[in-house]
$ cat query_8.txt   # compact mmCIF, C-alpha atoms
# COMPACT_ATOMS: atom_id res chain seq x y z
CA MET A 1 113.21 90.67 53.54
CA ASN A 2 114.17 87.06 52.87
CA SER A 3 115.73 85.05 55.68
CA GLN A 4 118.74 84.60 53.39
CA ILE A 5 120.81 87.77 53.66
CA ASN A 6 121.74 89.35 50.36
CA ARG A 7 125.22 88.01 49.74
CA ARG A 8 126.17 90.69 47.24
CA SER A 9 125.44 93.36 49.85
CA PHE A 10 127.44 91.45 52.43
CA LEU A 11 130.47 91.27 50.18
CA LYS A 12 130.24 94.94 49.38
CA HIS A 13 130.12 95.87 53.05
CA SER A 14 132.79 93.44 54.18
CA ALA A 15 135.15 94.61 51.48
CA ALA A 16 134.80 98.14 52.80
CA MET A 17 135.53 96.80 56.30
CA GLY A 18 133.08 99.10 58.03
CA SER A 19 131.29 102.38 57.59
CA GLY A 20 132.93 105.60 56.52
CA ILE A 21 136.07 104.06 55.01
CA THR A 22 137.86 106.52 52.73
CA LEU A 23 141.05 106.12 50.75
CA LEU A 24 143.10 109.28 51.17
CA LYS A 25 143.79 111.15 47.98
CA SER A 26 147.12 112.38 49.27
CA GLY A 27 149.64 110.71 51.51
CA ILE A 28 151.50 112.06 54.45
CA LEU A 29 153.91 114.48 55.67
CA ARG A 30 155.41 117.71 54.57
CA ALA A 31 155.74 118.40 50.88
CA GLY A 32 158.51 116.45 49.18
CA ASN A 33 158.81 113.67 51.73
CA SER A 34 158.58 110.02 50.77
CA PRO A 35 155.99 107.66 52.30
CA ASN A 36 158.99 105.56 53.36
CA GLU A 37 160.14 108.27 55.73
CA LYS A 38 159.21 108.13 59.39
CA LEU A 39 156.36 110.17 60.84
CA ASN A 40 157.15 112.96 63.27
CA ILE A 41 154.72 112.27 66.10
CA ALA A 42 153.68 114.22 69.19
CA VAL A 43 152.38 112.13 72.09
CA ILE A 44 149.98 114.11 74.26
CA GLY A 45 149.48 112.27 77.55
CA VAL A 46 152.53 110.05 78.06
CA GLY A 47 151.46 107.94 81.07
CA GLY A 48 149.01 105.05 81.09
CA ARG A 49 147.46 104.61 77.66
CA GLY A 50 150.05 106.99 76.28
CA GLN A 51 152.74 104.42 77.00
CA ALA A 52 150.69 101.75 75.25
CA SER A 53 150.43 103.96 72.17
CA ILE A 54 154.12 104.78 72.29
CA LYS A 55 154.81 101.04 72.00
CA GLY A 56 152.58 100.93 68.96
CA VAL A 57 154.44 103.70 67.12
CA LYS A 58 157.94 103.42 68.56
CA GLU A 59 159.50 102.82 65.14
CA GLU A 60 158.44 106.34 64.07
CA ASN A 61 160.03 109.60 65.22
CA ILE A 62 158.67 110.77 68.58
CA VAL A 63 159.56 114.45 68.37
CA ALA A 64 157.26 115.96 71.02
CA LEU A 65 156.01 114.83 74.44
CA CYS A 66 153.31 116.54 76.46
CA ASP A 67 151.83 115.84 79.88
CA VAL A 68 150.43 117.84 82.79
CA ASN A 69 152.26 115.48 85.16
CA GLU A 70 155.98 116.33 85.20
CA LYS A 71 156.85 112.90 86.61
CA HIS A 72 155.23 111.15 83.66
CA LEU A 73 156.98 113.56 81.32
CA ALA A 74 160.38 112.92 82.90
CA GLU A 75 159.98 109.17 82.43
CA ALA A 76 159.02 109.60 78.80
CA VAL A 77 161.98 111.88 78.13
CA LYS A 78 164.27 109.02 79.16
CA GLN A 79 162.88 107.09 76.20
CA PHE A 80 163.07 110.02 73.76
CA PRO A 81 165.69 112.49 75.00
CA GLU A 82 165.65 114.51 71.78
CA ALA A 83 161.91 115.23 71.91
CA GLU A 84 160.56 118.67 72.72
CA THR A 85 158.52 118.74 75.95
CA TYR A 86 155.35 120.59 76.91
CA PHE A 87 152.83 120.80 79.73
CA ASP A 88 150.13 122.51 77.63
CA TRP A 89 148.93 120.52 74.61
CA ARG A 90 147.90 123.73 72.82
CA LYS A 91 151.53 124.83 72.71
CA CYS A 92 152.64 121.34 71.70
CA LEU A 93 150.43 121.45 68.62
CA GLU A 94 152.23 124.56 67.38
CA GLN A 95 155.52 122.69 66.94
CA LYS A 96 156.38 123.17 63.26
CA ASN A 97 157.76 119.77 62.28
CA LEU A 98 154.81 117.61 63.35
CA ASP A 99 153.04 115.19 61.03
CA ALA A 100 150.80 113.38 63.49
CA VAL A 101 149.48 113.37 67.04
CA ILE A 102 148.55 110.69 69.56
CA CYS A 103 145.91 111.86 72.02
CA ALA A 104 146.04 109.89 75.28
CA THR A 105 144.77 112.52 77.69
CA THR A 106 141.79 112.30 80.03
CA ASP A 107 138.42 111.97 78.29
CA HIS A 108 137.28 115.54 78.83
CA THR A 109 140.08 116.90 76.62
CA HIS A 110 139.98 114.27 73.84
CA ALA A 111 137.67 116.23 71.56
CA PHE A 112 139.70 119.41 72.02
CA VAL A 113 143.03 117.79 71.15
CA ASN A 114 141.49 115.90 68.21
CA VAL A 115 139.85 118.94 66.66
CA TRP A 116 142.77 121.32 67.21
CA ALA A 117 145.19 118.80 65.72
CA MET A 118 143.08 118.19 62.60
CA ASN A 119 142.61 121.94 62.17
CA ARG A 120 146.41 122.14 61.93
CA GLY A 121 146.62 119.48 59.26
CA LEU A 122 147.84 116.71 61.56
CA HIS A 123 146.92 113.03 61.45
CA VAL A 124 145.40 111.88 64.76
CA TYR A 125 145.25 108.66 66.75
CA SER A 126 142.98 109.14 69.77
CA GLU A 127 142.26 106.94 72.72
CA LYS A 128 138.57 106.25 73.23
CA PRO A 129 136.13 107.81 73.60
CA LEU A 130 136.70 110.58 71.06
CA ALA A 131 134.59 112.99 73.07
CA ASN A 132 132.74 113.58 76.33
CA CYS A 133 129.32 114.63 75.00
CA VAL A 134 127.19 114.16 71.89
CA HIS A 135 128.00 117.57 70.41
CA GLU A 136 131.75 117.08 70.87
CA ALA A 137 131.57 113.75 69.04
CA ARG A 138 129.76 115.47 66.17
CA VAL A 139 132.37 118.26 65.96
CA VAL A 140 135.21 115.72 65.89
CA ARG A 141 133.48 113.77 63.13
CA GLU A 142 132.62 116.82 61.04
CA THR A 143 136.13 118.22 61.37
CA TYR A 144 137.50 114.93 60.09
CA LEU A 145 135.04 114.82 57.18
CA LYS A 146 136.27 118.24 56.07
CA ASN A 147 139.80 116.83 55.96
CA LYS A 148 139.21 113.16 55.10
CA ASP A 149 141.06 113.32 51.77
CA LYS A 150 144.30 114.33 53.45
CA LEU A 151 144.26 113.08 57.06
CA ALA A 152 144.36 109.62 58.60
CA THR A 153 142.52 109.19 61.89
CA GLN A 154 141.94 106.22 64.19
CA MET A 155 140.25 105.66 67.55
CA GLY A 156 142.05 103.36 69.96
CA THR A 157 139.57 100.49 70.08
CA GLN A 158 142.35 97.96 69.63
CA ILE A 159 140.09 94.90 69.71
CA HIS A 160 138.56 96.08 66.43
CA ALA A 161 141.77 94.89 64.79
CA SER A 162 141.31 91.30 66.01
CA ASP A 163 140.54 88.33 63.80
CA ASN A 164 137.62 87.40 66.05
CA TYR A 165 135.81 90.61 65.19
CA ARG A 166 136.22 89.85 61.50
CA ARG A 167 134.74 86.40 61.88
CA MET A 168 131.74 87.88 63.72
CA VAL A 169 131.08 90.32 60.89
CA GLU A 170 131.41 87.60 58.25
CA LEU A 171 129.07 85.22 60.07
CA VAL A 172 126.28 87.71 60.68
CA ARG A 173 126.49 89.53 57.36
CA GLY A 174 126.82 86.22 55.58
CA GLY A 175 123.53 84.99 57.05
CA ALA A 176 124.68 82.45 59.64
CA ILE A 177 121.93 83.51 62.09
CA GLY A 178 119.48 84.47 59.36
CA VAL A 179 118.07 87.97 59.39
CA PRO A 180 119.46 89.92 62.39
CA LYS A 181 116.85 91.45 64.70
CA LYS A 182 118.59 92.62 67.85
CA ALA A 183 121.97 93.03 69.56
CA GLN A 184 122.37 92.95 73.34
CA ILE A 185 125.66 94.02 74.89
CA TRP A 186 126.75 94.11 78.52
CA CYS A 187 129.68 94.77 80.84
CA SER A 188 129.38 93.81 84.49
CA ARG A 189 131.93 96.25 85.94
CA LEU A 190 130.53 97.88 89.11
CA PRO A 191 131.62 101.53 89.36
CA ALA A 192 131.29 103.68 92.46
CA GLY A 193 129.11 106.75 92.80
CA GLY A 194 129.16 109.80 95.03
CA GLU A 195 129.99 113.47 94.76
CA TYR A 196 132.88 115.51 93.40
CA LEU A 197 135.84 115.07 95.70
CA PRO A 198 136.63 117.65 98.41
CA ASP A 199 139.54 120.08 98.40
CA ALA A 200 142.70 118.22 99.39
CA GLY A 201 144.96 121.25 99.45
CA PRO A 202 147.39 122.49 96.81
CA ALA A 203 148.38 120.22 93.97
CA PRO A 204 151.95 118.89 94.19
CA ASP A 205 154.64 120.87 92.38
CA TYR A 206 154.89 118.31 89.58
CA MET A 207 151.17 118.47 88.75
CA HIS A 208 149.76 121.24 86.54
CA TRP A 209 146.26 120.98 87.95
CA ASP A 210 144.71 123.87 86.04
CA LEU A 211 145.78 122.25 82.76
CA TRP A 212 144.44 118.89 83.94
CA ILE A 213 141.04 120.51 84.57
CA GLY A 214 141.30 122.12 81.14
CA PRO A 215 137.93 123.11 79.65
CA SER A 216 135.86 121.67 82.52
CA PRO A 217 134.49 123.72 85.41
CA GLU A 218 137.03 124.37 88.14
CA HIS A 219 137.37 121.74 90.85
CA PRO A 220 139.82 121.75 93.76
CA PHE A 221 142.73 119.34 93.61
CA ASN A 222 142.18 115.88 95.01
CA PRO A 223 144.54 112.96 94.25
CA GLY A 224 141.55 110.62 94.22
CA TYR A 225 140.74 111.78 90.71
CA LEU A 226 144.13 110.64 89.45
CA GLU A 227 144.32 107.04 90.64
CA ASN A 228 143.32 105.66 87.24
CA CYS A 229 140.76 106.18 84.49
CA LEU A 230 138.11 104.38 86.54
CA THR A 231 138.20 107.15 89.15
CA TRP A 232 138.03 110.35 87.13
CA ASN A 233 135.80 109.08 84.33
CA LEU A 234 132.92 108.50 86.78
CA TYR A 235 132.38 112.27 87.00
CA TRP A 236 130.34 114.17 84.42
CA ASP A 237 132.93 116.92 84.03
CA PHE A 238 135.74 114.46 83.31
CA GLY A 239 134.25 111.34 81.72
CA SER A 240 131.19 109.43 80.61
CA GLY A 241 131.14 106.35 82.83
CA GLN A 242 130.99 102.77 81.65
CA ILE A 243 129.21 103.44 78.38
CA GLY A 244 131.92 105.90 77.42
CA ASP A 245 134.69 103.58 78.53
CA MET A 246 133.77 99.94 77.92
CA GLY A 247 130.89 100.86 75.64
CA SER A 248 133.42 102.15 73.12
CA HIS A 249 134.77 98.60 72.81
CA MET A 250 131.71 96.46 73.37
CA ILE A 251 129.11 98.39 71.37
CA ASP A 252 131.65 98.62 68.56
CA MET A 253 131.06 94.87 68.05
CA ALA A 254 127.41 95.51 67.20
CA TYR A 255 128.18 98.71 65.32
CA TRP A 256 130.51 97.05 62.83
CA THR A 257 128.73 93.72 62.56
CA LEU A 258 125.30 95.25 61.90
CA ASP A 259 126.61 98.22 59.90
CA LEU A 260 124.98 100.79 62.17
CA ARG A 261 125.02 104.56 61.97
CA PHE A 262 122.61 106.96 63.68
CA PRO A 263 119.60 105.75 65.69
CA THR A 264 116.09 107.11 65.39
CA THR A 265 115.17 106.66 69.08
CA CYS A 266 117.00 106.17 72.35
CA GLU A 267 115.89 105.50 75.91
CA ALA A 268 117.79 104.67 79.07
CA LYS A 269 117.35 103.93 82.76
CA GLY A 270 119.77 103.77 85.66
CA THR A 271 120.46 104.66 89.26
CA PRO A 272 118.94 107.96 90.49
CA VAL A 273 120.42 110.84 88.50
CA SER A 274 123.30 112.62 90.22
CA SER A 275 124.60 116.06 89.32
CA ASP A 276 128.14 114.81 89.96
CA THR A 277 128.63 111.20 88.89
CA CYS A 278 127.58 108.95 86.04
CA PRO A 279 125.13 106.11 86.83
CA GLN A 280 126.37 103.08 88.74
CA TRP A 281 124.23 100.96 86.44
CA LEU A 282 122.66 101.82 83.13
CA THR A 283 120.41 100.09 80.62
CA ALA A 284 119.80 101.64 77.21
CA GLU A 285 118.03 100.87 73.96
CA TRP A 286 118.39 102.35 70.50
CA ASP A 287 116.29 101.78 67.37
CA HIS A 288 118.24 101.68 64.10
CA PRO A 289 116.60 101.93 60.68
CA ALA A 290 116.94 99.28 57.97
CA ASN A 291 119.77 99.45 55.47
CA ASP A 292 120.26 97.71 52.13
CA TRP A 293 121.05 94.26 53.58
CA ARG A 294 119.10 94.00 56.87
CA PRO A 295 115.83 95.22 58.41
CA ALA A 296 115.54 97.64 61.31
CA VAL A 297 117.29 96.42 64.46
CA LYS A 298 117.38 97.18 68.17
CA VAL A 299 120.57 97.59 70.17
CA GLU A 300 120.55 97.18 73.96
CA TRP A 301 123.24 98.02 76.52
CA TYR A 302 123.56 96.82 80.12
CA ASP A 303 126.23 97.71 82.68
CA GLY A 304 126.81 97.81 86.43
CA GLY A 305 125.73 94.19 86.91
CA LYS A 306 122.65 94.34 84.70
CA LYS A 307 122.42 91.71 81.96
CA PRO A 308 119.97 90.94 79.16
CA GLY A 309 117.19 88.48 79.71
CA VAL A 310 117.71 85.87 77.03
CA PRO A 311 116.69 82.22 76.70
CA SER A 312 118.72 80.12 79.13
CA LYS A 313 119.50 77.65 76.35
CA VAL A 314 121.54 80.33 74.58
CA PHE A 315 124.23 80.62 77.24
CA HIS A 316 124.87 80.71 80.98
CA ARG A 317 125.04 84.46 81.24
CA ASP A 318 126.20 84.53 84.86
CA GLU A 319 129.47 83.08 83.64
CA MET A 320 130.13 85.94 81.21
CA PHE A 321 131.45 89.19 82.66
CA LYS A 322 130.92 91.00 79.36
CA GLY A 323 129.74 90.05 75.92
CA ILE A 324 127.31 90.44 73.06
CA ILE A 325 124.36 88.41 71.78
CA ILE A 326 123.14 89.07 68.25
CA THR A 327 119.73 87.48 67.64
CA GLY A 328 118.56 86.49 64.18
CA ASP A 329 115.52 84.62 62.92
CA GLN A 330 117.65 81.46 62.55
CA GLY A 331 119.74 81.60 65.74
CA TRP A 332 122.20 83.55 67.88
CA LEU A 333 125.80 84.63 67.86
CA VAL A 334 127.30 84.97 71.35
CA ALA A 335 130.73 86.59 71.53
CA ASP A 336 133.35 88.43 73.52
CA TYR A 337 136.72 89.87 72.48
CA ASP A 338 138.42 86.56 71.88
CA TYR A 339 135.74 83.95 71.18
CA ARG A 340 132.38 83.41 69.50
CA ILE A 341 129.66 80.78 69.81
CA LEU A 342 127.13 80.17 67.05
CA MET A 343 123.84 78.67 68.22
CA LEU A 344 121.16 77.80 65.68
CA LYS A 345 117.47 77.01 65.87
CA GLY A 346 117.82 74.29 63.24
CA ASP A 347 120.43 73.15 60.75
CA MET A 348 122.71 75.35 58.64
CA THR A 349 121.15 74.70 55.24
CA HIS A 350 120.31 78.42 55.06
CA TYR A 351 123.99 79.38 55.25
CA HIS A 352 126.95 78.98 52.91
CA SER A 353 130.42 79.66 54.25
CA PRO A 354 132.19 82.57 52.58
CA GLN A 355 134.94 81.77 50.12
CA PRO A 356 138.52 82.81 51.01
CA ALA A 357 138.28 85.79 48.68
CA ASP A 358 135.21 86.99 50.59
CA LEU A 359 136.91 87.14 53.98
CA ILE A 360 137.76 90.47 55.58
CA PRO A 361 141.55 90.88 55.38
CA PRO A 362 143.50 90.70 58.63
CA SER A 363 144.48 93.97 60.25
CA ALA A 364 148.04 95.19 60.47
CA GLY A 365 147.12 96.29 64.00
CA GLN A 366 145.28 99.35 65.25
CA HIS A 367 148.35 101.57 65.39
CA GLN A 368 149.93 100.20 62.23
CA GLU A 369 146.71 100.73 60.27
CA TRP A 370 146.92 104.37 61.26
CA ILE A 371 150.61 104.68 60.40
CA ASN A 372 149.94 103.10 57.01
CA GLY A 373 147.07 105.51 56.48
CA CYS A 374 149.26 108.48 57.31
CA LYS A 375 151.99 107.36 54.92
CA ASN A 376 150.13 105.68 52.09
CA GLY A 377 146.54 106.83 52.29
CA THR A 378 145.22 103.33 53.01
CA PRO A 379 141.93 103.05 54.94
CA THR A 380 141.68 102.98 58.71
CA LEU A 381 138.74 101.02 60.08
CA CYS A 382 138.06 103.23 63.10
CA ASN A 383 138.49 106.60 61.45
CA PHE A 384 136.70 109.55 63.03
CA ASP A 385 133.71 109.22 60.68
CA TYR A 386 132.97 105.67 61.88
CA SER A 387 134.07 106.14 65.49
CA GLY A 388 132.61 109.62 65.80
CA ALA A 389 129.18 108.22 64.91
CA LEU A 390 129.71 105.34 67.35
CA ILE A 391 130.59 107.65 70.26
CA GLU A 392 127.72 110.02 69.45
CA HIS A 393 125.39 107.00 69.48
CA ASN A 394 126.68 105.77 72.84
CA LEU A 395 126.66 109.11 74.64
CA LEU A 396 123.10 109.80 73.48
CA ALA A 397 122.06 107.16 76.02
CA LEU A 398 123.40 109.34 78.83
CA VAL A 399 121.26 112.23 77.55
CA ALA A 400 118.14 110.04 77.62
CA TYR A 401 119.07 108.83 81.11
CA ARG A 402 119.55 112.37 82.47
CA VAL A 403 116.29 113.75 81.04
CA GLY A 404 114.40 110.64 82.13
CA GLN A 405 112.44 110.02 78.95
CA PRO A 406 112.78 108.33 75.55
CA LEU A 407 114.23 110.53 72.83
CA GLU A 408 113.10 110.88 69.24
CA TRP A 409 116.45 111.53 67.59
CA GLU A 410 116.95 113.70 64.53
CA ALA A 411 120.62 113.06 63.86
CA GLU A 412 120.90 115.49 60.95
CA ASN A 413 120.15 118.42 63.26
CA LEU A 414 121.60 116.95 66.46
CA LYS A 415 118.20 117.32 68.08
CA ALA A 416 115.86 115.34 70.32
CA THR A 417 112.70 116.58 68.63
CA ASN A 418 110.40 115.59 71.49
CA CYS A 419 112.57 116.92 74.32
CA PRO A 420 114.04 120.45 74.08
CA GLU A 421 115.54 120.14 77.58
CA ALA A 422 117.90 117.47 76.23
CA ASP A 423 120.03 120.23 74.68
CA LYS A 424 121.70 121.01 78.01
CA TYR A 425 123.14 117.49 78.03
CA ILE A 426 123.85 117.24 74.30
CA TYR A 427 126.12 120.30 74.54
CA LYS A 428 128.65 121.41 77.15
CA THR A 429 129.68 124.82 78.45
CA TYR A 430 133.41 125.35 78.83
CA ARG A 431 135.59 127.42 81.09
CA GLU A 432 136.59 130.84 79.87
CA GLY A 433 139.62 130.67 77.60
CA TRP A 434 138.90 127.20 76.25
CA THR A 435 137.58 126.72 72.70
CA LEU A 436 136.56 123.37 71.24
CA ASN A 437 137.05 124.26 67.59
CA GLY A 438 140.34 126.11 67.91

$ encode --input "query_8.txt" --output "structure tokens"
Amino acid sequence: MNSQINRRSFLKHSAAMGSGITLLKSGILRAGNSPNEKLNIAVIGVGGRGQASIKGVKEENIVALCDVNEKHLAEAVKQFPEAETYFDWRKCLEQKNLDAVICATTDHTHAFVNVWAMNRGLHVYSEKPLANCVHEARVVRETYLKNKDKLATQMGTQIHASDNYRRMVELVRGGAIGVPKKAQIWCSRLPAGGEYLPDAGPAPDYMHWDLWIGPSPEHPFNPGYLENCLTWNLYWDFGSGQIGDMGSHMIDMAYWTLDLRFPTTCEAKGTPVSSDTCPQWLTAEWDHPANDWRPAVKVEWYDGGKKPGVPSKVFHRDEMFKGIIITGDQGWLVADYDYRILMLKGDMTHYHSPQPADLIPPSAGQHQEWINGCKNGTPTLCNFDYSGALIEHNLLALVAYRVGQPLEWEAENLKATNCPEADKYIYKTYREGWTLNG
């Protein structure tokens, strides 16, 4: 492949604004309603990220509120006193006048809410990650693909809507660093480890603990799980650690910029494997095949204080808590959420700035993109095709880490062909009475 990236391919990809973009054939709502009418939205999980999503859709009709914590629910009812209220999201989804759902629950119920909602013909906005294991991510994605002509979906990776992300994509796909070879991403957050928390006695009256546990194996109540997302998502039954949390944001930068889909191999290392908690540090590597505008590339992930070893002239990496380096044959792009640094090996004679018509249009905002998609059928950048593949990609690293060997990945069949024992980490077993595809 020439060091000059094929500009026609770049324009085609940038115009689509990412993988898996589909224009809905039909708009929103119940039959006979106008796209100008407001959506009837259920918010499932009304504390924390749920409140952030409420702010993003507050101009629509919030007609249902659901939370396992009655205190959170009571506060939300003050905002929307006419809304129906629920403790069990399964009952909430049966409300007859719903058009759309926001899923802001704990990670281990995301896939369940997403799939059940789509199965009922409802548009879905889900906080990240979409799922808590590789198989769940695949089910979410496939359920969306069955309904993509009539449903708008979006994962809550809000930074994807930023102008900085667009400039990154334009620079790399336009050839600013030449032919891309590798992306290295890191987040230096230092999570704790340990074991599942001990029994702390009965849950308080306002907390529906059995519904909080949901499809996961039973665990006794302990308030330590509930402090924030950085406490419960460290445990295998409830979350997927840093790569599930921050990886959803950070690896998304490489995923969009390099137009990635499914890897062919994956390997990972970390702290000694625990049956209870995710690794305190993790490094991972995926091989991605070539596409029509770039050769095969490697993607690397580092967390828990680990960082990539790159030439010191590129940047002072100790000063960057998190970031991405994309290496090409003509230079590097170093970036974080809100800035980017282009560093070249020589001059820029190999690169021609895109014309205004070539630029990726600004986003209306992560929530507004979704609302527009629900009403008008316009594309959403982080629909469940794109984001489902991203989350499947990321969580595959945890499978490789737990089995302790590199995986040869056959994405079509959801199979590590060289490691049959990987299946027990690709799939999950759920508590009696809980069905993923309900």

$ residues_near_point --input "query_8.txt" --point "(124.2, 97.2, 85.7)" --cutoff "9 Å" --atoms "all atoms listed in the file" --output "ChimeraX atom specification"
/A:186-190,270,280-283,302-307

$ closest_residue --input "query_8.txt" --among "A:Glu75, A:Asp67, A:Asp358, A:Asp336" --to "A:Lys91" --atoms "all atoms listed in the file"
A:Asp67

$ residues_around --input "query_8.txt" --residues "A:Ala76" --least-positions-apart "2" --cutoff "9 Å" --atoms "only C-alpha atoms" --output "PDB file with C-alpha atoms, in the coordinates of the input"
ATOM      1  CA  VAL A  46     152.530 110.050  78.060  1.00  0.00           C
ATOM      2  CA  GLY A  47     151.460 107.940  81.070  1.00  0.00           C
ATOM      3  CA  GLN A  51     152.740 104.420  77.000  1.00  0.00           C
ATOM      4  CA  LEU A  65     156.010 114.830  74.440  1.00  0.00           C
ATOM      5  CA  LYS A  71     156.850 112.900  86.610  1.00  0.00           C
ATOM      6  CA  HIS A  72     155.230 111.150  83.660  1.00  0.00           C
ATOM      7  CA  LEU A  73     156.980 113.560  81.320  1.00  0.00           C
ATOM      8  CA  ALA A  74     160.380 112.920  82.900  1.00  0.00           C
ATOM      9  CA  LYS A  78     164.270 109.020  79.160  1.00  0.00           C
ATOM     10  CA  GLN A  79     162.880 107.090  76.200  1.00  0.00           C
ATOM     11  CA  PHE A  80     163.070 110.020  73.760  1.00  0.00           C
ATOM     12  CA  PRO A  81     165.690 112.490  75.000  1.00  0.00           C
TER      13      PRO A  81
END

$ residues_near_point --input "query_8.txt" --point "(148.3, 111.8, 61.8)" --cutoff "8 Å" --atoms "all atoms listed in the file" --output "number ranges by chain"
A: 41, 99-102, 122-125, 151-153, 370-371, 374

$ residues_around --input "query_8.txt" --residues "A:Met253" --least-positions-apart "2" --cutoff "10 Å" --atoms "only C-alpha atoms" --output "compact mmCIF listing (two decimals) with C-alpha atoms, keeping the file's coordinate frame"
# COMPACT_ATOMS: atom_id res chain seq x y z
CA ILE A 159 140.09 94.90 69.71
CA HIS A 160 138.56 96.08 66.43
CA TYR A 165 135.81 90.61 65.19
CA ARG A 166 136.22 89.85 61.50
CA MET A 168 131.74 87.88 63.72
CA VAL A 169 131.08 90.32 60.89
CA ALA A 183 121.97 93.03 69.56
CA ILE A 185 125.66 94.02 74.89
CA GLY A 247 130.89 100.86 75.64
CA SER A 248 133.42 102.15 73.12
CA HIS A 249 134.77 98.60 72.81
CA MET A 250 131.71 96.46 73.37
CA ILE A 251 129.11 98.39 71.37
CA TYR A 255 128.18 98.71 65.32
CA TRP A 256 130.51 97.05 62.83
CA THR A 257 128.73 93.72 62.56
CA LEU A 258 125.30 95.25 61.90
CA ASP A 259 126.61 98.22 59.90
CA GLY A 323 129.74 90.05 75.92
CA ILE A 324 127.31 90.44 73.06
CA ILE A 326 123.14 89.07 68.25
CA ALA A 335 130.73 86.59 71.53
CA ASP A 336 133.35 88.43 73.52
CA TYR A 337 136.72 89.87 72.48

$ residues_around --input "query_8.txt" --residues "A:Asp88" --least-positions-apart "4" --cutoff "10 Å" --atoms "only C-alpha atoms" --output "list in words"
Ile44, Cys66, Asp67, Val68, Cys92, Leu93, His208, Leu211, Trp212 and Gly214 of chain A

$ atom_distance --input "query_8.txt" --atom1 "atom CA of A:Cys382" --atom2 "atom CA of A:Ser126"
10.2 Å
